[in-house]
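**Q** What follows is a single structure, and I will ask about it in a moment.
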Amino acid sequence: MPEVNGPVRAADLVARRLYEAGCRYAFGMPGGEVLTIVDALEQAGIRFVLCKHENNAGFIAEGVHHRDGAPAILVATVGPGVVNGVNVVANAMQDRVPMIVLSGCVDADEAQTYTHQVFDHQQVFRSITKETFRLSADSADIIADKAVSIAREGRAGPVHIDVPISVADERVSPAILRRRPAAVRAVPAEGSDLDQARRWLAAAKRPVMIAGLDAVAEGAGAGIRAFCEAFGVPLITSYKAKGIVPETHELCLGGAGLSPKADKHLLPFIREADLIICAGYDPIEMRSGWREVWDPASVNVIDIAAVPNTHYMHQASLNFVAATGETLMLLGQGVTPQATWAEGQLTAVRSALAGAFPTDAEWGPAAIIDECRKALPDTALATADSGAHRILLSQMWDCHEPRGLIQSSALCTMGCAVPMAIGEKLASPDRPVISFSGDAGMLMVAGELSTAAELGSSPVFVVFVDACLSLIELKQRQRQMAGNGVGFGKHDFAALGRAFGGEGHTVTTRQELRTALEAAQSSDAFTVIAAVIKPRAYDGLI
C-alpha cells in the first residue's frame, strides 16, 4: 500500500483500512457511482475483480474469506446493483461471514430532485446487516474502522457503507489513525458455575459435544480435540463446523442437522447422554427437528457461545458467553478422566452412520461423491450448493480441516457453490478445489464460468444432471402432491464449460468420472463435469 502524503480522497481512507484488515480482493460490477471506490481499492493494493452478477460476486468474496480470513468485500453500484446483492448479504448475515458492502449512491442534495435509480440503500440493508453507515468525508477513516470491527466481532456478519459520489472524491487530510483494539472474549471466572460444570464433567459417563460456527470462527479446533480426547467425549458438528476435528477421528460422528437418515442415529445417541457440551454451537444451521432436543431439567447441559442465547432453539443448565477453546481448557482443569460410553454405543452409532450412507453404489449421487472423494487428496477444498446432493455430500464428504467443505448452511441459498469455489481457488491456487451443484443451481450462475476463465482459474465444477429440483420434488411426493414447477430441460453442461473457455466432460459411469477427474487435475483451465443421474436418484439416500 503506497504511503499517504497530503490530502487524499475519502474513498482512499476506506480502502486503506480494508487493506490493513488483510483484504486483497474486492468483487462486484462497477457503475458510474462506484468508479472512485474501485480506483481507491486498486490504489491501496486491493484487486477489483469484475463479476457477472453482484450475488455471485459476494459468494466469490466469501470463498476468498474462508481461505485468507480477511473480511469479504462486495462492491455494488446504485439501484439495481445494490438489490442484486441483497441475497448474498442476507446469506453473510445468517452464515456469520464478515463482509464489507460498499455501495455507491447519489448525493443527498441531488436525491431531492433526481429520482432515477434512487432509493434508500440503508433501509434495504438495515435488517440484513450488523450495521449500515453513510460515509462522510471527515469521518471516513473512523467509519471504515467501525465497519471492520463490527463485521468481525462477536458473531461475524456484513456491514454496509453507502458512499455518496462527491464524498468518495472529497479530499481530506489524513487524521491520526484511531483503531479500535480487537475485543478479547472473556473466559469464565472461577466460582460456583465453573465448579458445578467441573463436577458434571467428572461424573459424566456418557458425555457428548456439539460444535458449530462459533468454534470455527475462533479457531478452537485444537482445544476441542484435546478436550474430547482427554475426556472421551464424542463430537457432533454442524455442517459448517465439519472438519474442526478430522472426521476420520474415532470420536467424530460427522455433521448433523439436515439429513433425516443421520438424525435417526444421532438424536437417540444425544438423548442417551448424561452431559451435553455445546462448544461454540450456533443452531442457526439446524432444522426444526433439532429444536429442544434435550431438557436441561433432566440432563446437564453446558453451553459455551459467542453471544447470549436469544434464539431459544435449545436451553442449557449453564451458559458461558466466552471463548470456546479457553473455556474447555478451564473446564477440564483438576478433573480426572474416566471411561465413557462403556457399553459400546459410540462404536455402534459410527457403524450405523457408515451403513446409512454406503459407498458401494454402482452409479448415482452417492457413487459420484464417493468417486470424487477417492480421486482427490485430503487437502482438496469442496463447496456445496443447496439441494438434495448437499445433504448427501455433507454426510459422505470427510473433512480433515475446518472449512474443508463450505456451503450456505443457514440461509441455504442456491447458486453459491460455483462462485465460492472460484474464490477459494483464487486465494489458494495450489489447493485442489471442487464444487458440487445441481443443474438448476449451475444454471443460476453459469455466467461466472467466464470469470473463472478470465482469472485463469482451474477449479472442478461437478454438476448433478437430472433436470429436476429433486429435493422439492421429493417433498411434493412425501405430501402426495403433483410434481408442479420442478422439472426443466436437460442441458449440455460439458459444452457450456467448453464454450466459456474451460474443459467439459459428460459422465454416466464411475470409470468415466474417474477419467474426467484425472484429466481435470492436470488441466490449467477449469473443468465442468456433468454427471448424469436418473430421475428420483436420491430416494432412500438422504
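Chain labels run A, B, ... following the order of the C-alpha cells; each chain numbers its residues from 1, and ligands are numbered from 1 in the order shown.
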Mind checking which residues fall within 10 Å of Ala297 in chain A, counting only C-alpha atoms, ignoring those fewer than 6 positions away in the same chain, and posting them as a list in words?

**A** Gln315, Ala316 and Ser317 of chain A

**Q** Output N, CA and C atoms for every residue in the selection just made, as a PDB file, in the first residue's frame.

**A**
```
ATOM      1  N   GLN A 315     -32.047 -24.797  25.343  1.00  0.00           N
ATOM      2  CA  GLN A 315     -31.653 -24.137  26.574  1.00  0.00           C
ATOM      3  C   GLN A 315     -30.581 -24.973  27.263  1.00  0.00           C
ATOM      4  N   ALA A 316     -29.958 -24.408  28.281  1.00  0.00           N
ATOM      5  CA  ALA A 316     -28.845 -25.083  28.951  1.00  0.00           C
ATOM      6  C   ALA A 316     -28.965 -24.920  30.455  1.00  0.00           C
ATOM      7  N   SER A 317     -28.271 -25.786  31.153  1.00  0.00           N
ATOM      8  CA  SER A 317     -28.203 -25.681  32.611  1.00  0.00           C
ATOM      9  C   SER A 317     -27.249 -24.572  33.025  1.00  0.00           C
TER      10      SER A 317
END
```

**Q** Pick out the residues sitting within 9 Å of Thr359 in chain A, and hand them over as a list of chain:residue names; count only C-alpha atoms, and ignore anything fewer than 6 positions along from it in its own chain.

**A**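 Answer for this query is A:Ala366, A:Ala367, A:Ile369, A:Asp370, A:Glu371, A:Met396.
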
**Q** With C-alpha atoms kept, could you save the residues just selected as a compact mmCIF listing (two decimals), in the first residue's frame?

**A**
```txt
# COMPACT_ATOMS: atom_id res chain seq x y z
CA ALA A 366 -23.61 -41.45 -3.69
CA ALA A 367 -21.27 -43.10 -6.19
CA ILE A 369 -19.49 -38.28 -4.28
CA ASP A 370 -17.54 -41.40 -3.32
CA GLU A 371 -15.56 -41.36 -6.56
CA MET A 396 -20.32 -38.55 2.93
```

**Q** Which value, in Å to one decimal, gives the distance between CA of Glu247 in chain A and CA of Ala537 in chain A?

**A**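 Result for CA of Glu247 in chain A versus CA of Ala537 in chain A: 26.3 Å, one decimal.
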
**Q** Return as a ChimeraX atom specification the full set of residues in range 375-465 of chain A whose backbone-based DSSP assignment is helix (DSSP H, G or I).

**A** /A:375,388-396,417-427,439-445,448-454

**Q** Would you list the contacts of range 204-215 of chain A as number ranges by chain, taking every protein, DNA or RNA residue within 9 Å and counting only C-alpha atoms, but skipping same-chain residues closer than 5 positions in sequence?

**A** A: 95-96, 154-155, 199, 220-221, 224, 228, 231-242, 244, 269-270, 272-283, 285, 305-306, 323-325, 338-342

**Q** Between CA of Pro71 in chain A and CA of Pro459 in chain A, what is the spacing in Å?

**A** 22.4 Å

**Q** I'd like the contact shell of Gln395 in chain A - 8 Å cut-off, only C-alpha atoms, skipping same-chain residues fewer than 3 positions apart - returned as a ChimeraX atom specification.

**A** /A:254-256,259,262,357,391-392,398

**Q** How would the residues just chosen look if you wrote them out with N, CA and C atoms as an mmCIF file, in the first residue's frame?

**A**
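File produced: selection-v7.cif:
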```
data_model
loop_
_atom_site.group_PDB
_atom_site.id
_atom_site.type_symbol
_atom_site.label_atom_id
_atom_site.label_comp_id
_atom_site.auth_asym_id
_atom_site.auth_seq_id
_atom_site.Cartn_x
_atom_site.Cartn_y
_atom_site.Cartn_z
ATOM 1 N N GLY A 254 -19.412 -36.808 12.657
ATOM 2 C CA GLY A 254 -19.752 -36.081 11.449
ATOM 3 C C GLY A 254 -20.709 -34.926 11.671
ATOM 4 N N GLY A 255 -21.207 -34.395 10.545
ATOM 5 C CA GLY A 255 -22.111 -33.251 10.578
ATOM 6 C C GLY A 255 -23.545 -33.679 10.810
ATOM 7 N N ALA A 256 -24.356 -32.736 11.271
ATOM 8 C CA ALA A 256 -25.744 -33.056 11.601
ATOM 9 C C ALA A 256 -26.634 -31.854 11.365
ATOM 10 N N SER A 259 -30.042 -34.090 7.561
ATOM 11 C CA SER A 259 -30.371 -35.399 6.998
ATOM 12 C C SER A 259 -31.210 -36.234 7.961
ATOM 13 N N ALA A 262 -29.297 -39.386 8.999
ATOM 14 C CA ALA A 262 -28.283 -39.195 10.037
ATOM 15 C C ALA A 262 -28.938 -38.928 11.388
ATOM 16 N N PHE A 357 -25.030 -44.428 4.805
ATOM 17 C CA PHE A 357 -24.540 -43.734 3.610
ATOM 18 C C PHE A 357 -23.455 -44.579 2.945
ATOM 19 N N ILE A 391 -27.238 -32.519 1.042
ATOM 20 C CA ILE A 391 -27.491 -33.331 2.224
ATOM 21 C C ILE A 391 -26.611 -34.572 2.193
ATOM 22 N N LEU A 392 -26.592 -35.232 1.053
ATOM 23 C CA LEU A 392 -25.797 -36.455 0.918
ATOM 24 C C LEU A 392 -24.307 -36.149 1.015
ATOM 25 N N ASP A 398 -15.811 -36.614 3.921
ATOM 26 C CA ASP A 398 -14.994 -36.453 5.124
ATOM 27 C C ASP A 398 -14.129 -35.207 4.999
#
```
